[in-house]
file upload-v1.cif (mmCIF, C-alpha atoms and all ligand atoms)
data_upload
loop_
_atom_site.label_atom_id
_atom_site.label_comp_id
_atom_site.auth_asym_id
_atom_site.auth_seq_id
_atom_site.Cartn_x
_atom_site.Cartn_y
_atom_site.Cartn_z
CA MET A 1 0.00 0.00 0.00
CA ILE A 2 1.20 3.53 -0.80
CA ILE A 3 0.24 5.53 2.27
CA GLN A 4 -0.41 9.25 2.03
CA PRO A 5 -2.04 11.58 4.56
CA LYS A 6 -5.85 11.81 4.36
CA ILE A 7 -7.02 14.76 6.38
CA ARG A 8 -10.58 15.04 7.73
CA GLY A 9 -10.99 18.21 9.80
CA PHE A 10 -8.53 18.06 12.65
CA ILE A 11 -7.69 14.39 12.22
CA CYS A 12 -5.68 12.40 9.74
CA THR A 13 -7.35 9.06 8.95
CA THR A 14 -4.18 7.35 7.73
CA ALA A 15 -0.87 6.70 9.44
CA HIS A 16 2.48 5.56 8.07
CA PRO A 17 4.18 2.64 9.86
CA LEU A 18 7.72 3.59 8.85
CA GLY A 19 7.10 7.29 9.53
CA CYS A 20 5.69 6.60 12.99
CA ALA A 21 8.68 4.36 13.70
CA ALA A 22 11.07 7.12 12.56
CA HIS A 23 9.24 9.61 14.81
CA VAL A 24 9.56 7.26 17.80
CA ASP A 25 13.26 6.73 16.99
CA GLU A 26 13.72 10.51 16.98
CA GLN A 27 12.17 10.74 20.43
CA ILE A 28 14.30 7.88 21.75
CA ALA A 29 17.43 9.51 20.27
CA TYR A 30 16.67 12.75 22.11
CA VAL A 31 16.25 10.98 25.44
CA THR A 32 19.37 8.85 25.05
CA SER A 33 21.40 11.95 24.13
CA ARG A 34 20.64 13.36 27.60
CA PRO A 35 22.15 12.21 30.90
CA PRO A 36 20.48 9.11 32.39
CA ILE A 37 18.02 9.58 35.25
CA LYS A 38 17.92 7.64 38.52
CA GLY A 39 14.21 7.10 38.13
CA PRO A 40 11.51 4.46 38.30
CA LYS A 41 12.18 0.85 37.25
CA ARG A 42 8.64 -0.52 36.79
CA VAL A 43 6.22 1.84 35.13
CA LEU A 44 2.56 1.69 34.09
CA VAL A 45 1.51 4.29 31.52
CA ILE A 46 -2.23 4.68 30.89
CA GLY A 47 -2.60 6.49 27.54
CA ALA A 48 0.82 5.31 26.37
CA SER A 49 0.55 5.35 22.58
CA THR A 50 0.73 9.02 21.56
CA GLY A 51 1.45 12.52 22.90
CA TYR A 52 2.50 13.01 26.50
CA GLY A 53 1.88 9.39 27.52
CA LEU A 54 4.14 7.99 24.81
CA ALA A 55 6.81 10.57 25.68
CA SER A 56 6.55 9.57 29.37
CA ARG A 57 6.99 5.93 28.40
CA ILE A 58 10.02 6.74 26.26
CA ALA A 59 11.61 8.88 29.00
CA ALA A 60 11.04 6.17 31.65
CA ALA A 61 12.40 3.37 29.46
CA PHE A 62 15.33 5.07 27.78
CA SER A 63 16.48 7.47 30.54
CA SER A 64 15.84 5.33 33.54
CA GLY A 65 15.97 1.80 32.12
CA ALA A 66 12.38 1.10 33.22
CA ALA A 67 10.24 -1.89 32.37
CA THR A 68 7.05 -0.38 30.95
CA LEU A 69 3.49 -1.59 30.61
CA GLY A 70 1.40 0.60 28.31
CA VAL A 71 -2.40 0.85 28.11
CA PHE A 72 -4.15 2.58 25.21
CA PHE A 73 -7.01 2.40 22.72
CA GLU A 74 -5.73 1.97 19.15
CA LYS A 75 -6.71 0.10 16.02
CA PRO A 76 -4.64 -2.40 14.00
CA ALA A 77 -4.70 -2.22 10.19
CA SER A 78 -7.61 -3.79 8.29
CA ASP A 79 -8.09 -4.53 4.59
CA LEU A 80 -9.14 -0.97 3.89
CA ARG A 81 -7.34 1.07 6.51
CA THR A 82 -3.95 1.62 7.97
CA ALA A 83 -3.54 1.09 11.70
CA THR A 84 -3.80 4.19 13.89
CA ALA A 85 -0.62 6.14 14.62
CA GLY A 86 -0.57 5.01 18.26
CA TRP A 87 -0.54 1.39 17.10
CA TYR A 88 2.51 1.94 14.89
CA ASN A 89 4.19 4.08 17.58
CA THR A 90 3.80 1.27 20.07
CA ALA A 91 5.08 -1.40 17.70
CA ALA A 92 8.18 0.73 17.10
CA PHE A 93 8.64 1.54 20.79
CA GLU A 94 8.31 -2.09 21.87
CA LYS A 95 10.84 -3.23 19.30
CA GLN A 96 13.39 -0.63 20.38
CA ALA A 97 12.77 -1.34 24.06
CA ARG A 98 13.22 -5.10 23.62
CA ASP A 99 16.34 -4.57 21.48
CA ALA A 100 17.68 -2.54 24.41
CA GLY A 101 16.90 -5.44 26.78
CA LEU A 102 13.93 -3.68 28.39
CA TYR A 103 10.58 -5.26 29.25
CA ALA A 104 7.76 -3.65 27.25
CA LYS A 105 4.20 -4.95 27.00
CA SER A 106 0.96 -3.28 26.01
CA ILE A 107 -2.75 -3.70 26.62
CA ASN A 108 -5.05 -2.35 23.91
CA GLY A 109 -8.57 -1.63 25.11
CA ASP A 110 -10.84 0.79 26.93
CA ALA A 111 -8.92 2.03 29.98
CA PHE A 112 -12.19 3.21 31.54
CA SER A 113 -13.46 -0.38 31.72
CA ASP A 114 -13.13 -2.84 34.60
CA ALA A 115 -11.85 -5.51 32.21
CA VAL A 116 -8.78 -3.52 31.13
CA LYS A 117 -8.00 -2.58 34.73
CA ALA A 118 -8.21 -6.27 35.72
CA GLU A 119 -6.00 -7.37 32.80
CA THR A 120 -3.45 -4.72 33.71
CA ILE A 121 -3.33 -5.86 37.33
CA GLU A 122 -2.89 -9.49 36.28
CA THR A 123 -0.05 -8.54 33.94
CA ILE A 124 1.71 -6.51 36.65
CA LYS A 125 1.38 -9.37 39.15
CA LYS A 126 2.72 -11.90 36.69
CA ASP A 127 5.52 -9.90 35.10
CA LEU A 128 6.55 -7.03 37.37
CA GLY A 129 5.21 -7.74 40.86
CA GLN A 130 4.58 -4.07 41.56
CA VAL A 131 4.99 -0.68 39.88
CA ASP A 132 6.78 2.43 41.20
CA LEU A 133 5.27 4.94 38.78
CA VAL A 134 1.77 5.17 37.29
CA VAL A 135 1.33 7.79 34.57
CA TYR A 136 -2.27 8.69 33.75
CA SER A 137 -2.32 10.43 30.36
CA LEU A 138 -5.69 9.73 28.81
CA ALA A 139 -7.38 12.22 26.50
CA SER A 140 -10.75 11.05 25.28
CA PRO A 141 -13.97 12.60 24.00
CA ARG A 142 -16.14 10.08 25.89
CA ARG A 143 -16.19 7.62 28.75
CA THR A 144 -18.54 4.81 29.70
CA HIS A 145 -18.77 4.46 33.46
CA PRO A 146 -17.80 0.87 34.33
CA LYS A 147 -20.34 0.48 37.15
CA THR A 148 -23.43 2.30 35.82
CA GLY A 149 -22.90 1.81 32.07
CA GLU A 150 -23.68 5.50 31.51
CA THR A 151 -21.74 7.14 28.68
CA PHE A 152 -20.47 10.68 29.23
CA VAL A 153 -19.41 12.97 26.38
CA SER A 154 -17.03 15.85 26.96
CA ALA A 155 -17.58 19.35 25.58
CA LEU A 156 -15.04 22.05 24.76
CA LYS A 157 -17.09 25.10 25.70
CA PRO A 158 -16.94 28.27 27.78
CA ILE A 159 -18.96 28.56 30.97
CA GLY A 160 -21.41 31.34 31.79
CA LYS A 161 -21.14 33.44 28.63
CA VAL A 162 -20.67 33.29 24.90
CA TYR A 163 -17.00 33.34 23.87
CA GLN A 164 -15.68 34.76 20.62
CA ASN A 165 -12.11 34.74 19.48
CA LYS A 166 -9.82 34.09 16.57
CA THR A 167 -9.13 30.57 15.43
CA VAL A 168 -7.24 29.08 12.50
CA ASN A 169 -7.94 26.27 10.11
CA PHE A 170 -4.36 25.05 10.28
CA HIS A 171 -4.56 23.23 6.95
CA THR A 172 -5.67 26.24 4.90
CA GLY A 173 -4.34 29.09 7.07
CA GLU A 174 -7.72 30.77 7.19
CA VAL A 175 -8.10 32.82 10.36
CA SER A 176 -11.72 33.38 11.35
CA VAL A 177 -13.74 34.26 14.41
CA VAL A 178 -15.29 31.36 16.26
CA THR A 179 -18.31 31.83 18.50
CA LEU A 180 -18.84 29.28 21.24
CA GLU A 181 -22.08 29.08 23.18
CA PRO A 182 -21.75 28.48 26.91
CA ALA A 183 -22.03 24.93 28.21
CA SER A 184 -25.07 23.69 30.10
CA ASP A 185 -24.60 22.33 33.64
CA ASP A 186 -25.03 18.84 32.24
CA GLU A 187 -22.23 19.39 29.69
CA ILE A 188 -19.94 20.64 32.46
CA GLN A 189 -20.67 17.58 34.59
CA GLN A 190 -20.21 15.18 31.68
CA THR A 191 -16.83 16.74 30.81
CA VAL A 192 -15.71 16.33 34.43
CA HIS A 193 -16.78 12.67 34.31
CA VAL A 194 -14.66 12.12 31.16
CA MET A 195 -11.53 14.20 31.79
CA GLY A 196 -11.62 14.75 35.59
CA GLY A 197 -10.08 12.57 38.29
CA GLU A 198 -12.75 9.90 38.77
CA ASP A 199 -11.18 7.27 36.53
CA TRP A 200 -7.64 8.07 37.74
CA SER A 201 -8.91 7.48 41.26
CA MET A 202 -10.52 4.19 40.24
CA TRP A 203 -7.25 3.00 38.72
CA ILE A 204 -5.25 3.85 41.85
CA HIS A 205 -7.83 2.27 44.16
CA GLU A 206 -7.87 -0.94 42.18
CA LEU A 207 -4.10 -1.15 41.77
CA ARG A 208 -3.72 -0.54 45.45
CA ALA A 209 -6.33 -3.08 46.51
CA ALA A 210 -4.51 -5.66 44.38
CA GLY A 211 -1.23 -4.87 46.19
CA VAL A 212 0.61 -3.89 43.01
CA LEU A 213 1.65 -0.37 44.06
CA ALA A 214 5.18 -0.36 45.48
CA GLU A 215 6.13 1.46 48.69
CA GLY A 216 6.78 5.12 47.74
CA VAL A 217 4.84 4.82 44.47
CA VAL A 218 4.34 8.00 42.44
CA THR A 219 1.34 8.63 40.22
CA LEU A 220 1.18 11.48 37.73
CA ALA A 221 -1.61 13.04 35.67
CA TYR A 222 -1.32 15.93 33.23
CA SER A 223 -3.02 19.29 33.21
CA TYR A 224 -2.86 22.63 31.41
CA ILE A 225 -3.41 26.24 32.41
CA GLY A 226 -2.40 28.45 29.46
CA PRO A 227 -2.72 32.14 28.64
CA GLU A 228 -5.43 34.77 28.83
CA VAL A 229 -6.55 34.26 25.18
CA THR A 230 -7.55 30.63 25.69
CA LYS A 231 -8.76 31.06 29.26
CA ALA A 232 -12.50 31.24 28.53
CA VAL A 233 -12.43 28.11 26.36
CA TYR A 234 -9.79 26.20 28.31
CA ARG A 235 -9.05 26.87 31.97
CA ASP A 236 -12.29 28.68 32.77
CA GLY A 237 -14.28 26.41 30.44
CA THR A 238 -15.63 22.86 30.70
CA ILE A 239 -12.20 21.22 30.27
CA GLY A 240 -10.79 23.53 32.99
CA ARG A 241 -13.45 22.24 35.40
CA ALA A 242 -12.28 18.73 34.64
CA LYS A 243 -8.66 19.78 35.27
CA ASP A 244 -9.68 21.36 38.62
CA ASP A 245 -11.19 18.00 39.52
CA LEU A 246 -8.04 16.17 38.40
CA GLU A 247 -5.90 18.47 40.56
CA ALA A 248 -8.17 17.94 43.61
CA THR A 249 -7.93 14.19 42.99
CA ALA A 250 -4.13 14.35 43.28
CA HIS A 251 -4.42 15.73 46.83
CA ALA A 252 -7.00 13.11 47.78
CA LEU A 253 -4.90 10.24 46.37
CA THR A 254 -1.76 11.41 48.19
CA LYS A 255 -3.70 11.32 51.47
CA GLU A 256 -5.09 7.87 50.71
CA MET A 257 -1.66 6.47 49.85
CA SER A 258 0.12 7.93 52.91
CA ASP A 259 0.56 4.52 54.58
CA ILE A 260 2.63 3.28 51.62
CA GLY A 261 4.37 6.66 51.22
CA GLY A 262 2.66 7.13 47.86
CA LYS A 263 2.37 10.53 46.17
CA ALA A 264 0.03 11.75 43.42
CA TYR A 265 1.02 14.78 41.36
CA VAL A 266 -0.51 16.76 38.59
CA SER A 267 2.06 18.13 36.18
CA VAL A 268 0.98 21.24 34.30
CA ASN A 269 2.54 20.72 30.89
CA LYS A 270 3.05 23.17 28.06
CA ALA A 271 0.87 23.41 24.95
CA VAL A 272 2.08 21.02 22.24
CA VAL A 273 0.64 19.64 19.01
CA THR A 274 -1.14 16.35 19.71
CA GLN A 275 -4.24 14.69 18.32
CA SER A 276 -6.17 16.04 21.31
CA SER A 277 -4.95 19.64 21.32
CA SER A 278 -5.67 20.04 17.57
CA ALA A 279 -9.35 19.52 18.37
CA ILE A 280 -9.67 22.51 20.70
CA PRO A 281 -10.89 25.74 19.04
CA VAL A 282 -8.49 28.73 19.28
CA VAL A 283 -5.63 26.58 20.67
CA PRO A 284 -3.89 25.74 17.32
CA LEU A 285 -3.57 29.48 16.51
CA TYR A 286 -2.18 30.17 19.96
CA ILE A 287 0.27 27.24 19.62
CA SER A 288 1.43 28.50 16.19
CA LEU A 289 2.26 31.92 17.67
CA LEU A 290 3.79 30.36 20.78
CA PHE A 291 6.04 28.08 18.70
CA ARG A 292 7.39 31.03 16.77
CA VAL A 293 8.23 32.96 19.94
CA MET A 294 9.65 29.99 21.86
CA LYS A 295 11.74 28.90 18.87
CA GLU A 296 13.16 32.42 18.49
CA LYS A 297 14.07 32.47 22.16
CA GLY A 298 15.62 28.97 22.05
CA LEU A 299 12.95 27.67 24.47
CA HIS A 300 10.99 25.36 22.15
CA GLU A 301 10.03 21.96 23.54
CA GLY A 302 7.83 19.09 22.34
CA CYS A 303 6.38 16.23 24.40
CA THR A 304 9.69 14.38 24.70
CA GLU A 305 11.75 17.34 25.88
CA GLN A 306 9.01 18.15 28.40
CA MET A 307 8.77 14.63 29.78
CA TYR A 308 12.54 14.21 30.02
CA ARG A 309 12.76 17.51 31.93
CA LEU A 310 9.83 16.49 34.15
CA PHE A 311 11.66 13.33 35.20
CA ALA A 312 15.17 14.80 35.38
CA ASP A 313 14.55 18.21 36.93
CA ARG A 314 11.32 17.85 38.91
CA LEU A 315 10.44 14.31 39.96
CA TYR A 316 13.67 12.34 40.15
CA ARG A 317 16.11 15.15 40.95
CA ASP A 318 18.26 15.03 44.08
CA GLY A 319 16.03 16.58 46.71
CA ASP A 320 12.31 17.17 47.02
CA VAL A 321 9.96 17.15 44.05
CA LEU A 322 9.64 20.75 42.80
CA VAL A 323 6.04 21.98 43.00
CA ASP A 324 4.15 25.29 43.03
CA GLU A 325 2.14 26.62 45.98
CA GLN A 326 -0.77 24.38 45.00
CA GLY A 327 1.37 21.27 44.90
CA ARG A 328 1.48 21.08 41.08
CA ILE A 329 4.58 20.37 39.04
CA ARG A 330 5.02 23.21 36.54
CA MET A 331 6.44 22.23 33.16
CA ASP A 332 4.77 25.27 31.57
CA ASP A 333 7.38 27.56 33.13
CA TYR A 334 8.97 28.56 29.80
CA GLU A 335 5.61 28.93 28.05
CA MET A 336 4.25 31.19 30.76
CA ARG A 337 7.34 33.45 31.03
CA ASP A 338 6.30 37.12 30.85
CA ASP A 339 8.64 37.86 27.94
CA VAL A 340 7.11 34.99 25.94
CA GLN A 341 3.49 35.80 26.74
CA GLU A 342 3.90 39.54 26.04
CA ILE A 343 5.03 38.87 22.47
CA VAL A 344 2.40 36.17 21.85
CA SER A 345 -0.29 38.51 23.11
CA SER A 346 0.85 41.36 20.87
CA LEU A 347 1.00 39.04 17.82
CA TRP A 348 -2.47 37.74 18.71
CA GLY A 349 -3.88 41.24 18.22
CA GLN A 350 -2.37 41.49 14.72
CA VAL A 351 -2.76 38.00 13.27
CA ASP A 352 -5.17 37.42 10.37
CA THR A 353 -5.46 35.25 7.25
CA LYS A 354 -3.09 37.49 5.25
CA ASN A 355 -0.21 37.50 7.72
CA VAL A 356 -0.62 34.24 9.67
CA GLU A 357 2.14 32.42 7.76
CA VAL A 358 4.56 35.25 8.55
CA LEU A 359 3.54 36.18 12.08
CA SER A 360 3.18 32.63 13.36
CA ASP A 361 4.91 29.28 12.95
CA LEU A 362 1.89 27.75 11.24
CA GLY A 363 4.26 25.81 8.99
CA GLY A 364 5.85 24.30 12.11
CA TYR A 365 2.40 23.46 13.47
CA ARG A 366 1.43 21.69 10.24
CA SER A 367 4.57 19.65 10.07
CA GLU A 368 4.25 18.60 13.72
CA PHE A 369 0.64 17.62 13.04
CA LEU A 370 1.60 15.47 10.05
CA LYS A 371 4.45 13.94 12.02
CA LEU A 372 1.94 12.70 14.62
CA PHE A 373 0.75 10.34 11.89
CA GLY A 374 4.22 9.51 10.56
CA PHE A 375 4.26 11.91 7.59
CA GLY A 376 6.91 14.41 6.51
CA LEU A 377 9.94 12.57 7.88
CA ASP A 378 13.01 12.98 5.68
CA GLU A 379 14.19 9.40 6.04
CA VAL A 380 10.93 7.89 4.74
CA ASP A 381 10.15 7.31 1.06
CA TYR A 382 6.42 7.96 0.86
CA GLU A 383 6.21 6.63 -2.71
CA GLU A 384 7.35 3.21 -1.53
CA ASP A 385 4.86 0.36 -1.20
CA VAL A 386 4.63 -0.59 2.49
CA ASP A 387 2.81 -3.31 4.40
CA PRO A 388 0.33 -1.61 6.77
CA ASN A 389 -0.03 -4.80 8.85
CA VAL A 390 2.30 -4.45 11.78
CA GLY A 391 1.92 -6.73 14.80
CA LEU A 392 2.32 -5.73 18.42
P1 LIG A 401 -3.18 12.24 22.97
O1 LIG A 401 -4.44 12.31 22.20
O2 LIG A 401 -1.90 12.35 22.21
O3 LIG A 401 -3.10 10.84 23.78
C1 LIG A 401 -4.21 10.26 24.38
C2 LIG A 401 -3.90 8.84 24.82
O4 LIG A 401 -5.07 8.32 25.47
C3 LIG A 401 -3.60 7.85 23.67
O5 LIG A 401 -2.62 6.94 24.08
C4 LIG A 401 -4.94 7.11 23.48
O6 LIG A 401 -4.82 5.80 22.94
C5 LIG A 401 -5.37 7.05 24.93
N1 LIG A 401 -6.82 6.83 25.08
C6 LIG A 401 -7.85 7.64 24.75
N2 LIG A 401 -9.03 7.07 25.10
C7 LIG A 401 -8.71 5.87 25.67
C8 LIG A 401 -9.49 4.83 26.25
N3 LIG A 401 -10.80 4.88 26.33
N4 LIG A 401 -8.82 3.75 26.72
C9 LIG A 401 -7.47 3.65 26.64
N5 LIG A 401 -6.70 4.63 26.14
C10 LIG A 401 -7.31 5.72 25.66
O7 LIG A 401 -3.31 13.31 24.10
P2 LIG A 401 -2.29 14.28 24.88
O8 LIG A 401 -2.42 15.64 24.31
O9 LIG A 401 -0.94 13.66 25.04
O10 LIG A 401 -3.02 14.35 26.30
C11 LIG A 401 -2.64 13.57 27.42
C12 LIG A 401 -2.87 14.40 28.68
O11 LIG A 401 -2.00 15.55 28.65
C13 LIG A 401 -4.31 14.94 28.82
O12 LIG A 401 -4.68 14.92 30.17
C14 LIG A 401 -4.15 16.38 28.34
O13 LIG A 401 -5.15 17.24 28.85
C15 LIG A 401 -2.78 16.71 28.92
N6 LIG A 401 -2.12 17.91 28.34
C16 LIG A 401 -2.03 18.06 26.99
C17 LIG A 401 -1.45 19.22 26.49
C18 LIG A 401 -1.33 19.45 24.99
O14 LIG A 401 -1.01 20.59 24.59
N7 LIG A 401 -1.55 18.45 24.18
C19 LIG A 401 -0.93 20.20 27.36
C20 LIG A 401 -1.00 19.98 28.73
C21 LIG A 401 -1.60 18.82 29.23
#

call {"tool": "encode", "arguments": {"input": "upload-v1.cif", "output": "structure tokens"}}
result
Amino acid sequence: MIIQPKIRGFICTTAHPLGCAAHVDEQIAYVTSRPPIKGPKRVLVIGASTGYGLASRIAAAFSSGAATLGVFFEKPASDLRTATAGWYNTAAFEKQARDAGLYAKSINGDAFSDAVKAETIETIKKDLGQVDLVVYSLASPRRTHPKTGETFVSALKPIGKVYQNKTVNFHTGEVSVVTLEPASDDEIQQTVHVMGGEDWSMWIHELRAAGVLAEGVVTLAYSYIGPEVTKAVYRDGTIGRAKDDLEATAHALTKEMSDIGGKAYVSVNKAVVTQSSSAIPVVPLYISLLFRVMKEKGLHEGCTEQMYRLFADRLYRDGDVLVDEQGRIRMDDYEMRDDVQEIVSSLWGQVDTKNVEVLSDLGGYRSEFLKLFGFGLDEVDYEEDVDPNVGL
């Protein structure tokens, strides 16, 4: 099969196995070029196939020599379709990990379900005994509650009032004004059920009850704060309510795990291009401007750089874990620097369809987006016939 990108809105419906493998290799090469970390040795990553979860898995395995168990929801190739990018990423990661003598296994299924939690626990018992780090990095538009069977759907909406701001169609470069109606109370609650801390809590309770959390275990989940321009749709919107809930869950879990010396942290990460962030209105335009400014200042980071720095400089440094006054790890420190935000905010006022390619790094955004699906990598010949069937 000759595999080319097929874009539908903010997703790409094809993925390239060799391109995804080259992208994973690039991430591994970054991590191995940095000093090793005295970090965790047995790691569970929930949401391990793309974005921040994949980068966490790579940092744990290749900086700290960890055995990793990954959980995710991806699709293998069929007669008509390529596999999803996360499937190819995982196949490439597992191969590299095993070649490096590291344990790497994966469970593909709905992480919100009881069945996947049970299978994960059985695998840990059999293969690892216990885990010292649990990364919770799910991003999903919906969740079916495992006990009630109710399905919740998340919304990306402001709360309380209508929100209008600029947004970009990152494929065409058209800048337009988007109007978002405020969420209903039900939409707020449903978003909290999907992206808040309830499922994280369920995972930790079940892992703990099964005795598979090691003494001094750390669990991490990821959050975002961001600038004034995205505040109404992000931090003060429905997804922000879910993040407030996630952050409150970290405090509750730390209390509950005190007898085993366990700690739960939320790490506030920077804005990066992932399948999930491309779906949020306004955010891709902000990221395109941010990338330009951070690149010019030599501060640019993607998921891998962020996750390596999280492990090396915050979590597994000599000394206490570095947190802010609310107990959160802050990996958005460069993004939120005053000198960065002042320029982004001034560019925001000027940007339109005519100047977006010049004022922002929209080109950089597009190539990062395509790379998520394994396209645009120099070392790959996209005219070559490739077998889309790759086993895990
Ligand atoms: P992503 O879309 O790249 O990854 C999501 C992961 O969740 C994938 O591995 C996917 O397979 C898995 N997943 C989704 N539904 C699942 C299900 N039902 N069962 C099992 N696995 C499932 O997303 P991301 O952007 O890396 O987001 C991860 C976390 O990081 C989220 O909490 C997000 O809010 C946070 N975050 C993202 C950004 C950003 O800019 N992208 C910034 C800060 C924080």

call {"tool": "atom_distance", "arguments": {"input": "upload-v1.cif", "atom1": "atom CA of A:Asp320", "atom2": "atom CA of A:Asp132"}}
result
16.8 Å

call {"tool": "residues_around", "arguments": {"input": "upload-v1.cif", "residues": "A:Gly376", "least_positions_apart": "4", "cutoff": "8 Å", "atoms": "all atoms listed in the file", "output": "JSON, numbers by chain"}}
result
{"A": [19, 367, 370, 371, 380]}

call {"tool": "residues_around", "arguments": {"input": "upload-v1.cif", "residues": "A:His193", "least_positions_apart": "3", "cutoff": "10 Å", "atoms": "all atoms listed in the file", "output": "list in words"}}
result
Arg142, Arg143, Thr144, His145, Thr151, Phe152, Val153, Ser154, Glu187, Ile188, Gln189, Gln190, Gly196, Gly197, Glu198, Asp199, Ala242 and Asp245 of chain A

call {"tool": "atom_distance", "arguments": {"input": "upload-v1.cif", "atom1": "atom C8 of ligand LIG 401 (chain A)", "atom2": "atom CA of A:Ala221"}}
result
14.8 Å

call {"tool": "residues_near_ligand", "arguments": {"input": "upload-v1.cif", "ligand": "ligand LIG 401 (chain A)", "cutoff": "6 Å", "atoms": "all atoms listed in the file", "output": "MDAnalysis selection string"}}
result
chainID A and resid 47:53 71:74 109:112 137:140 222:224 269:277

call {"tool": "residues_around", "arguments": {"input": "upload-v1.cif", "residues": "stretch 96-103 of chain A", "least_positions_apart": "3", "cutoff": "12 Å", "atoms": "all atoms listed in the file", "output": "ChimeraX atom specification"}}
result
/A:21-22,24-29,32,41-44,57-70,89-93,106,124,127-128

call {"tool": "decode", "arguments": {"input": "upload-v1.cif", "residues": "stretch 128-139 of chain A", "atoms": "N, CA, C and O atoms", "output": "PDB file, in the first residue's frame"}}
result
ATOM      1  N   LEU A 128       5.764  -8.081  36.712  1.00  0.00           N
ATOM      2  CA  LEU A 128       6.554  -7.033  37.371  1.00  0.00           C
ATOM      3  C   LEU A 128       6.447  -7.070  38.896  1.00  0.00           C
ATOM      4  O   LEU A 128       7.260  -6.453  39.583  1.00  0.00           O
ATOM      5  N   GLY A 129       5.433  -7.716  39.401  1.00  0.00           N
ATOM      6  CA  GLY A 129       5.213  -7.738  40.857  1.00  0.00           C
ATOM      7  C   GLY A 129       4.470  -6.487  41.297  1.00  0.00           C
ATOM      8  O   GLY A 129       3.309  -6.534  41.684  1.00  0.00           O
ATOM      9  N   GLN A 130       5.176  -5.355  41.192  1.00  0.00           N
ATOM     10  CA  GLN A 130       4.577  -4.067  41.559  1.00  0.00           C
ATOM     11  C   GLN A 130       5.081  -2.998  40.599  1.00  0.00           C
ATOM     12  O   GLN A 130       5.990  -3.243  39.813  1.00  0.00           O
ATOM     13  N   VAL A 131       4.482  -1.806  40.679  1.00  0.00           N
ATOM     14  CA  VAL A 131       4.992  -0.676  39.883  1.00  0.00           C
ATOM     15  C   VAL A 131       5.361   0.485  40.806  1.00  0.00           C
ATOM     16  O   VAL A 131       4.753   0.677  41.859  1.00  0.00           O
ATOM     17  N   ASP A 132       6.373   1.261  40.398  1.00  0.00           N
ATOM     18  CA  ASP A 132       6.780   2.428  41.200  1.00  0.00           C
ATOM     19  C   ASP A 132       6.302   3.746  40.599  1.00  0.00           C
ATOM     20  O   ASP A 132       6.422   4.788  41.219  1.00  0.00           O
ATOM     21  N   LEU A 133       5.816   3.714  39.369  1.00  0.00           N
ATOM     22  CA  LEU A 133       5.269   4.936  38.775  1.00  0.00           C
ATOM     23  C   LEU A 133       4.049   4.572  37.940  1.00  0.00           C
ATOM     24  O   LEU A 133       4.094   3.623  37.151  1.00  0.00           O
ATOM     25  N   VAL A 134       2.964   5.334  38.128  1.00  0.00           N
ATOM     26  CA  VAL A 134       1.770   5.168  37.291  1.00  0.00           C
ATOM     27  C   VAL A 134       1.493   6.517  36.630  1.00  0.00           C
ATOM     28  O   VAL A 134       1.215   7.506  37.312  1.00  0.00           O
ATOM     29  N   VAL A 135       1.615   6.555  35.311  1.00  0.00           N
ATOM     30  CA  VAL A 135       1.326   7.790  34.571  1.00  0.00           C
ATOM     31  C   VAL A 135      -0.079   7.669  34.003  1.00  0.00           C
ATOM     32  O   VAL A 135      -0.409   6.680  33.353  1.00  0.00           O
ATOM     33  N   TYR A 136      -0.889   8.686  34.243  1.00  0.00           N
ATOM     34  CA  TYR A 136      -2.269   8.688  33.753  1.00  0.00           C
ATOM     35  C   TYR A 136      -2.375   9.794  32.711  1.00  0.00           C
ATOM     36  O   TYR A 136      -2.402  10.974  33.045  1.00  0.00           O
ATOM     37  N   SER A 137      -2.382   9.423  31.430  1.00  0.00           N
ATOM     38  CA  SER A 137      -2.322  10.431  30.361  1.00  0.00           C
ATOM     39  C   SER A 137      -3.396  10.196  29.301  1.00  0.00           C
ATOM     40  O   SER A 137      -3.124  10.271  28.109  1.00  0.00           O
ATOM     41  N   LEU A 138      -4.607   9.947  29.763  1.00  0.00           N
ATOM     42  CA  LEU A 138      -5.692   9.729  28.808  1.00  0.00           C
ATOM     43  C   LEU A 138      -6.245  11.062  28.306  1.00  0.00           C
ATOM     44  O   LEU A 138      -6.338  12.022  29.057  1.00  0.00           O
ATOM     45  N   ALA A 139      -6.603  11.106  27.040  1.00  0.00           N
ATOM     46  CA  ALA A 139      -7.380  12.225  26.502  1.00  0.00           C
ATOM     47  C   ALA A 139      -8.436  11.580  25.625  1.00  0.00           C
ATOM     48  O   ALA A 139      -8.111  10.880  24.667  1.00  0.00           O
TER      49      ALA A 139
END
